[in-house]
Amino acid sequence: MSPFTVHTKDTAPKGSLGVMDAYAQKFGFVPNLVGVMSQSPATLNGYAQTYGLLADTDFTPAEQQLLFLTVSRANGCTYCVAAHTMAGKMMGLDAETISAVRDGRPILEAKLAALSQFAVKIVEKRGHLSRDDIGDFLTAGYTSAQILEVLLAVATKTISNYMNHIAETPLDPAFEAEAWTPNPQAA
């Protein structure tokens, strides 16, 4: 049993209410991830700020969702894979790419494949990338600034992925159709 509460706007600390209101306006409900994270206003606000900063990057909304989905899969976060499957569809990420990430299969579109592979390398190698890893990303058409922006996406999702692991955050009914279970055999 998790020692964490899925807070509502009625039970959350005051410092979390602004972010909770923003999510409620955007999605029509407060996701359980936000409800759990609201226990620490500093954590919730930090997460919301880093998440929001991705909009200021050179990545399209679909590429941002690809990054979030990829990192969540690499970290084995069932909650975030489901949520970003739905969000990816809403942001125009194609169904084949979403399916490939969820299943651990290669992505067909070369540039998106390079973006996803680079994010996985950052997670798996904990940032200890080779020159070839960096060169492959740059050769695919990305920039050195985007290397740093991938780090921002990895940091953002690491906060939520790890929190979901620790808190055992229940999946929202809105995301249940996209539920995901890790396949240990998939690459």
# chains A, B, ... in the order shown; residues from 1 in each chain; ligands from 1

call {"tool": "residues_around", "arguments": {"residues": "range 114-117 of chain A", "least_positions_apart": "4", "cutoff": "10 Å", "atoms": "only C-alpha atoms", "output": "count of residues only"}}
result
28

call {"tool": "residues_around", "arguments": {"residues": "Glu96 in chain A", "least_positions_apart": "4", "cutoff": "12 Å", "atoms": "only C-alpha atoms", "output": "PyMOL selection string"}}
result
chain A and resi 66+85+88-89+92+100-109+112-113

call {"tool": "select_by_dssp", "arguments": {"residues": "chain A", "states": "helix (DSSP H, G or I)", "output": "number ranges by chain"}}
result
A: 14-27, 32-37, 41-56, 61-74, 78-90, 95-103, 110-125, 131-139, 144-167, 173-178

call {"tool": "closest_residue", "arguments": {"among": "A:Thr78, A:Asn161, A:Ser38, A:Asn183", "to": "Lys14 in chain A", "atoms": "only C-alpha atoms"}}
result
A:Ser38

call {"tool": "closest_residue", "arguments": {"among": "A:Thr57, A:Asn75, A:Thr181, A:Thr143", "to": "His165 in chain A", "atoms": "only C-alpha atoms"}}
result
A:Asn75
